[in-house]
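Q: Following this line is coords.cif, made up of mmCIF, C-alpha atoms:
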data_final
loop_
_atom_site.group_PDB
_atom_site.id
_atom_site.type_symbol
_atom_site.label_atom_id
_atom_site.label_comp_id
_atom_site.auth_asym_id
_atom_site.auth_seq_id
_atom_site.Cartn_x
_atom_site.Cartn_y
_atom_site.Cartn_z
ATOM 1 C CA MET I 1 0.000 0.000 0.000
ATOM 2 C CA LYS I 2 2.860 2.388 0.806
ATOM 3 C CA LYS I 3 4.063 1.777 -2.697
ATOM 4 C CA TYR I 4 0.888 3.271 -4.206
ATOM 5 C CA LEU I 5 0.588 6.191 -1.765
ATOM 6 C CA PRO I 6 2.566 8.716 -3.927
ATOM 7 C CA LEU I 7 0.492 7.680 -6.955
ATOM 8 C CA ILE I 8 -2.758 8.163 -5.028
ATOM 9 C CA ILE I 9 -1.613 11.597 -3.767
ATOM 10 C CA VAL I 10 -0.688 12.695 -7.299
ATOM 11 C CA GLY I 11 -4.058 11.384 -8.559
ATOM 12 C CA VAL I 12 -5.966 13.320 -5.867
ATOM 13 C CA LEU I 13 -3.991 16.490 -6.633
ATOM 14 C CA VAL I 14 -4.728 16.155 -10.360
ATOM 15 C CA ILE I 15 -8.444 15.673 -9.645
ATOM 16 C CA VAL I 16 -8.513 18.726 -7.342
ATOM 17 C CA PHE I 17 -6.626 20.781 -9.945
ATOM 18 C CA LEU I 18 -9.042 19.730 -12.708
ATOM 19 C CA PHE I 19 -12.035 20.496 -10.480
ATOM 20 C CA ILE I 20 -10.716 24.030 -9.812
ATOM 21 C CA LYS I 21 -9.942 24.614 -13.526
ATOM 22 C CA ASN I 22 -13.414 23.349 -14.477
ATOM 23 C CA ASP I 23 -14.959 25.824 -12.030
ATOM 24 C CA ASN I 24 -12.901 28.662 -13.568
ATOM 25 C CA TYR I 25 -14.073 27.678 -17.049
ATOM 26 C CA ARG I 26 -17.701 27.614 -15.888
ATOM 27 C CA ASN I 27 -17.337 31.147 -14.495
ATOM 28 C CA GLU I 28 -15.754 32.379 -17.748
ATOM 29 C CA LEU I 29 -18.541 30.770 -19.767
ATOM 30 C CA LYS I 30 -21.188 32.385 -17.551
ATOM 31 C CA GLN I 31 -19.488 35.796 -17.971
ATOM 32 C CA ALA I 32 -19.292 35.347 -21.752
ATOM 33 C CA ARG I 33 -22.990 34.470 -21.918
ATOM 34 C CA ASN I 34 -23.833 37.609 -19.921
ATOM 35 C CA GLU I 35 -21.781 39.757 -22.298
ATOM 36 C CA ILE I 36 -23.488 38.174 -25.316
ATOM 37 C CA SER I 37 -26.942 38.805 -23.879
ATOM 38 C CA GLN I 38 -26.011 42.451 -23.122
ATOM 39 C CA PHE I 39 -24.744 42.870 -26.680
ATOM 40 C CA GLU I 40 -27.894 41.314 -28.139
ATOM 41 C CA SER I 41 -30.126 43.573 -26.054
ATOM 42 C CA SER I 42 -28.222 46.762 -26.941
ATOM 43 C CA GLU I 43 -29.971 49.086 -29.337
ATOM 44 C CA GLU I 44 -26.925 50.230 -31.308
ATOM 45 C CA VAL I 45 -27.636 50.353 -35.010
ATOM 46 C CA ILE I 46 -25.073 49.855 -37.746
ATOM 47 C CA TYR I 47 -25.809 51.760 -40.955
ATOM 48 C CA LEU I 48 -24.639 49.560 -43.822
ATOM 49 C CA GLU I 49 -25.552 52.250 -46.360
ATOM 50 C CA ALA I 50 -22.870 54.486 -44.845
ATOM 51 C CA GLY I 51 -20.289 51.781 -45.515
ATOM 52 C CA ASP I 52 -21.389 51.594 -49.147
ATOM 53 C CA ILE I 53 -21.042 55.373 -49.540
ATOM 54 C CA ALA I 54 -17.582 55.293 -47.927
ATOM 55 C CA GLU I 55 -16.480 52.543 -50.319
ATOM 56 C CA LYS I 56 -17.769 54.465 -53.346
ATOM 57 C CA PHE I 57 -15.977 57.599 -52.163
ATOM 58 C CA ILE I 58 -12.656 55.798 -51.720
ATOM 59 C CA LYS I 59 -12.870 54.196 -55.153
ATOM 60 C CA GLY I 60 -14.009 57.453 -56.752
ATOM 61 C CA TYR I 61 -11.325 59.633 -55.203
ATOM 62 C CA PHE I 62 -8.299 57.320 -55.248
ATOM 63 C CA ASN I 63 -8.823 55.648 -58.648
ATOM 64 C CA PHE I 64 -7.645 58.240 -61.154
ATOM 65 C CA GLN I 65 -5.336 59.082 -64.010
ATOM 66 C CA GLY I 66 -3.671 62.467 -63.539
ATOM 67 C CA LYS I 67 -5.758 63.828 -60.656
ATOM 68 C CA PRO I 68 -8.999 63.003 -58.825
ATOM 69 C CA VAL I 69 -12.215 64.033 -60.551
ATOM 70 C CA ARG I 70 -14.621 66.193 -58.546
ATOM 71 C CA GLU I 71 -17.716 64.746 -60.247
ATOM 72 C CA ASP I 72 -16.754 61.233 -59.113
ATOM 73 C CA VAL I 73 -17.031 62.101 -55.401
ATOM 74 C CA GLU I 74 -19.104 65.253 -54.899
ATOM 75 C CA MET I 75 -22.298 63.269 -54.250
ATOM 76 C CA TYR I 76 -20.642 61.491 -51.290
ATOM 77 C CA VAL I 77 -19.058 64.427 -49.446
ATOM 78 C CA SER I 78 -20.469 67.438 -47.613
ATOM 79 C CA GLU I 79 -19.854 70.840 -49.219
ATOM 80 C CA LYS I 80 -17.446 71.813 -46.446
ATOM 81 C CA LYS I 81 -15.272 68.721 -46.913
ATOM 82 C CA LEU I 82 -15.497 68.896 -50.691
ATOM 83 C CA LYS I 83 -13.666 72.236 -50.534
ATOM 84 C CA GLU I 84 -10.799 70.556 -48.647
ATOM 85 C CA LEU I 85 -10.215 67.924 -51.336
ATOM 86 C CA ASN I 86 -7.659 68.658 -54.033
ATOM 87 C CA PHE I 87 -9.079 68.841 -57.560
ATOM 88 C CA GLU I 88 -7.325 71.992 -58.745
ATOM 89 C CA THR I 89 -4.702 72.014 -61.470
ATOM 90 C CA ASN I 90 -1.410 73.817 -61.476
ATOM 91 C CA GLY I 91 0.007 74.699 -64.914
ATOM 92 C CA GLU I 92 3.596 73.664 -64.297
ATOM 93 C CA TYR I 93 2.678 70.253 -62.882
ATOM 94 C CA ASP I 94 -0.129 69.326 -65.298
ATOM 95 C CA GLU I 95 2.213 67.558 -67.701
ATOM 96 C CA LYS I 96 3.663 65.405 -64.911
ATOM 97 C CA LEU I 97 0.230 64.740 -63.376
ATOM 98 C CA VAL I 98 -1.037 63.151 -66.585
ATOM 99 C CA GLU I 99 1.538 60.426 -66.030
ATOM 100 C CA VAL I 100 0.361 59.690 -62.461
ATOM 101 C CA LYS I 101 -2.017 56.774 -62.078
ATOM 102 C CA SER I 102 -3.589 55.881 -58.746
ATOM 103 C CA THR I 103 -5.456 52.637 -58.085
ATOM 104 C CA VAL I 104 -7.203 51.228 -54.997
ATOM 105 C CA ASN I 105 -6.338 47.589 -54.218
ATOM 106 C CA ASP I 106 -7.517 45.260 -51.438
ATOM 107 C CA LEU I 107 -10.118 47.660 -50.017
ATOM 108 C CA ASP I 108 -11.714 46.679 -46.719
ATOM 109 C CA VAL I 109 -14.402 48.823 -45.099
ATOM 110 C CA TYR I 110 -15.145 48.512 -41.389
ATOM 111 C CA LEU I 111 -18.155 50.041 -39.667
ATOM 112 C CA GLY I 112 -17.557 51.537 -36.240
ATOM 113 C CA LYS I 113 -19.693 53.281 -33.673
ATOM 114 C CA SER I 114 -22.943 54.855 -34.668
ATOM 115 C CA THR I 115 -25.177 57.440 -33.046
ATOM 116 C CA ASP I 116 -28.288 59.269 -34.163
ATOM 117 C CA GLY I 117 -27.811 59.496 -37.915
ATOM 118 C CA ARG I 118 -24.004 59.292 -37.740
ATOM 119 C CA GLN I 119 -21.682 56.399 -38.542
ATOM 120 C CA LYS I 120 -17.912 55.978 -38.203
ATOM 121 C CA VAL I 121 -16.272 54.065 -41.058
ATOM 122 C CA LEU I 122 -12.684 52.926 -41.540
ATOM 123 C CA GLY I 123 -11.333 52.195 -45.006
ATOM 124 C CA VAL I 124 -8.111 50.200 -45.305
ATOM 125 C CA PHE I 125 -6.537 49.706 -48.716
ATOM 126 C CA ILE I 126 -3.333 49.577 -50.695
ATOM 127 C CA ASN I 127 -2.905 52.616 -52.918
ATOM 128 C CA GLU I 128 -0.963 51.681 -56.033
ATOM 129 C CA ILE I 129 0.659 54.825 -57.414
ATOM 130 C CA GLU I 130 2.387 54.630 -60.778
ATOM 131 C CA MET I 131 4.564 57.412 -62.190
ATOM 132 C CA ASP I 132 7.309 57.328 -64.800
ATOM 133 C CA GLY I 133 7.025 53.549 -64.963
ATOM 134 C CA ALA I 134 7.727 53.137 -61.232
ATOM 135 C CA VAL I 135 5.003 51.533 -59.128
ATOM 136 C CA ASN I 136 4.696 52.224 -55.402
ATOM 137 C CA LEU I 137 2.362 50.301 -53.107
ATOM 138 C CA VAL I 138 1.313 52.420 -50.145
ATOM 139 C CA ASP I 139 -0.684 51.185 -47.136
ATOM 140 C CA SER I 140 -3.547 53.646 -46.733
ATOM 141 C CA PHE I 141 -6.123 54.238 -44.004
ATOM 142 C CA ILE I 142 -9.034 56.663 -44.036
ATOM 143 C CA GLU I 143 -11.263 57.186 -41.028
ATOM 144 C CA MET I 144 -14.550 58.833 -41.976
ATOM 145 C CA ASP I 145 -17.509 60.303 -40.136
ATOM 146 C CA LEU I 146 -20.687 60.022 -42.155
ATOM 147 C CA GLU I 147 -23.929 61.777 -41.395
ATOM 148 C CA ASN I 148 -27.414 61.159 -42.726
ATOM 149 C CA ILE I 149 -28.412 64.512 -44.239
ATOM 150 C CA ASP I 150 -31.881 64.608 -45.824
ATOM 151 C CA ASN I 151 -31.892 60.792 -46.222
ATOM 152 C CA ASP I 152 -28.515 60.826 -48.000
ATOM 153 C CA TRP I 153 -25.284 59.711 -46.358
ATOM 154 C CA ARG I 154 -22.483 62.261 -46.658
ATOM 155 C CA ILE I 155 -18.905 62.275 -45.426
ATOM 156 C CA VAL I 156 -18.661 65.211 -43.027
ATOM 157 C CA ASP I 157 -15.152 64.577 -41.720
ATOM 158 C CA PHE I 158 -12.220 62.292 -42.437
ATOM 159 C CA ASN I 159 -8.608 61.621 -41.499
ATOM 160 C CA PHE I 160 -6.313 60.077 -44.098
ATOM 161 C CA PHE I 161 -3.016 58.291 -43.437
ATOM 162 C CA GLN I 162 -0.522 56.652 -45.775
ATOM 163 C CA TYR I 163 2.595 54.723 -44.756
#
For this file, write the structure as structure tokens.
A:
Amino acid sequence: MKKYLPLIIVGVLVIVFLFIKNDNYRNELKQARNEISQFESSEEVIYLEAGDIAEKFIKGYFNFQGKPVREDVEMYVSEKKLKELNFETNGEYDEKLVEVKSTVNDLDVYLGKSTDGRQKVLGVFINEIEMDGAVNLVDSFIEMDLENIDNDWRIVDFNFFQY
């Protein structure tokens, strides 16, 4: 019997350890179920239409030959923000700009927090910029605030980053 005593002690310790771990897992499961039920009962609304507008804006503004075209994006942006976008030409650079080609690749749109008629949207894409035969791939991020104005979603603010 003395020969089996260490084996019995180890067996009891393993059973106690597993019992404690099982109790921890039950508590974690209970907490996860509570969080799921709180999430399901929340009244936050995600506006998918805002994501569609954001995607159209990104493709309209960043897919161009020479320079972005105002008519491709003006229906997606508020008047105030439209004035901040660069559509103007500069005589000395026009010849070089014709050679610039910008393309959006691998676009992902993520919907964030929403409040009364407002939706945050994040666009993540690779901006392929070609000039003089050289192609650069640039990681690009644009965080946008969209607002429902007269039943149309418009971009009222944005922050743009390229790395």
Q: Which residue, I:Phe141, I:Phe19, I:Phe62, I:Tyr47, has the smallest gap to Leu111 in chain I when you use only C-alpha atoms?
A: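 The answer is I:Tyr47, which sits nearest to Leu111 in chain I.
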Q: Between I:Asp152, I:Asp52, I:Glu147, I:Glu79, which residue has the minimum interatomic distance to Asp108 in chain I, considering all atoms listed in the file?
A: I:Asp52
Q: Which distance in Å separates CA of Tyr76 in chain I and CA of Glu128 in chain I, to one decimal?
A: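 About the pair CA of Tyr76 in chain I and CA of Glu128 in chain I: they are 22.5 Å apart.
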Q: Hey, what comes out of the PyMOL selection byres ((chain I and resi 85) around 10) on this file? Could you write it as a PyMOL selection string?
A: chain I and resi 61+68+70+73-74+77+80-84+86-88
Q: Excluding Gly112 in chain I and its own-chain neighbours fewer than 3 positions away, which residues fall within 9 Å of it when counting all atoms listed in the file? Please give them as a ChimeraX atom specification.
A: /I:46,119-122
Q: Would you please work out which residue, of I:Asp150, I:Asp139, I:Glu35, I:Glu49, is nearest to Ile126 in chain I when using all atoms listed in the file?
A: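 For Ile126 in chain I, the nearest of the candidates is I:Asp139.
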Q: Written as a ChimeraX atom specification, what is the full residue list that the PyMOL selection byres ((chain I and resi 160) around 7) yields on the file shown?
A: /I:141-143,158-159,161-162
Q: For Arg154 in chain I, please output as a PyMOL selection string all residues within 9 Å (counting all atoms listed in the file; exclusion window: fewer than 6 positions along the same chain).
A: chain I and resi 50+53-54+75-78+145-148
Q: Is it possible to get the axis-aligned box enclosing range 131-134 of chain I (all listed atoms, 4 Å extra per side) as JSON, with centre and edge lengths in Å rounded to one decimal?
A:
{"center_x": 6.1, "center_y": 55.3, "center_z": -63.1, "size_x": 11.2, "size_y": 12.3, "size_z": 11.7}
Q: Restricting the calculation to all atoms listed in the file: of I:Ser102, I:Pro6, I:Lys113, I:Val12, which residue gets closest to Asn127 in chain I?
A: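 Smallest distance to Asn127 in chain I is found for I:Ser102.
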Q: Separation of CA of Leu107 in chain I and CA of Glu55 in chain I, in Å?
A: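 Rounded to one decimal, the two atoms are 8.0 Å apart.
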Q: Nearest to Ile155 in chain I among I:Asp106, I:Thr115, I:Ile58, I:Val138, with distances taken over all atoms listed in the file: which residue is it?
A: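 Of I:Asp106, I:Thr115, I:Ile58, I:Val138, the one nearest Ile155 in chain I is I:Ile58, counting all atoms listed in the file.
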Q: Tell me, in Å to one decimal, how far CA of Glu99 in chain I is from CA of Ala134 in chain I.
A: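 Result for CA of Glu99 in chain I versus CA of Ala134 in chain I: 10.7 Å, one decimal.
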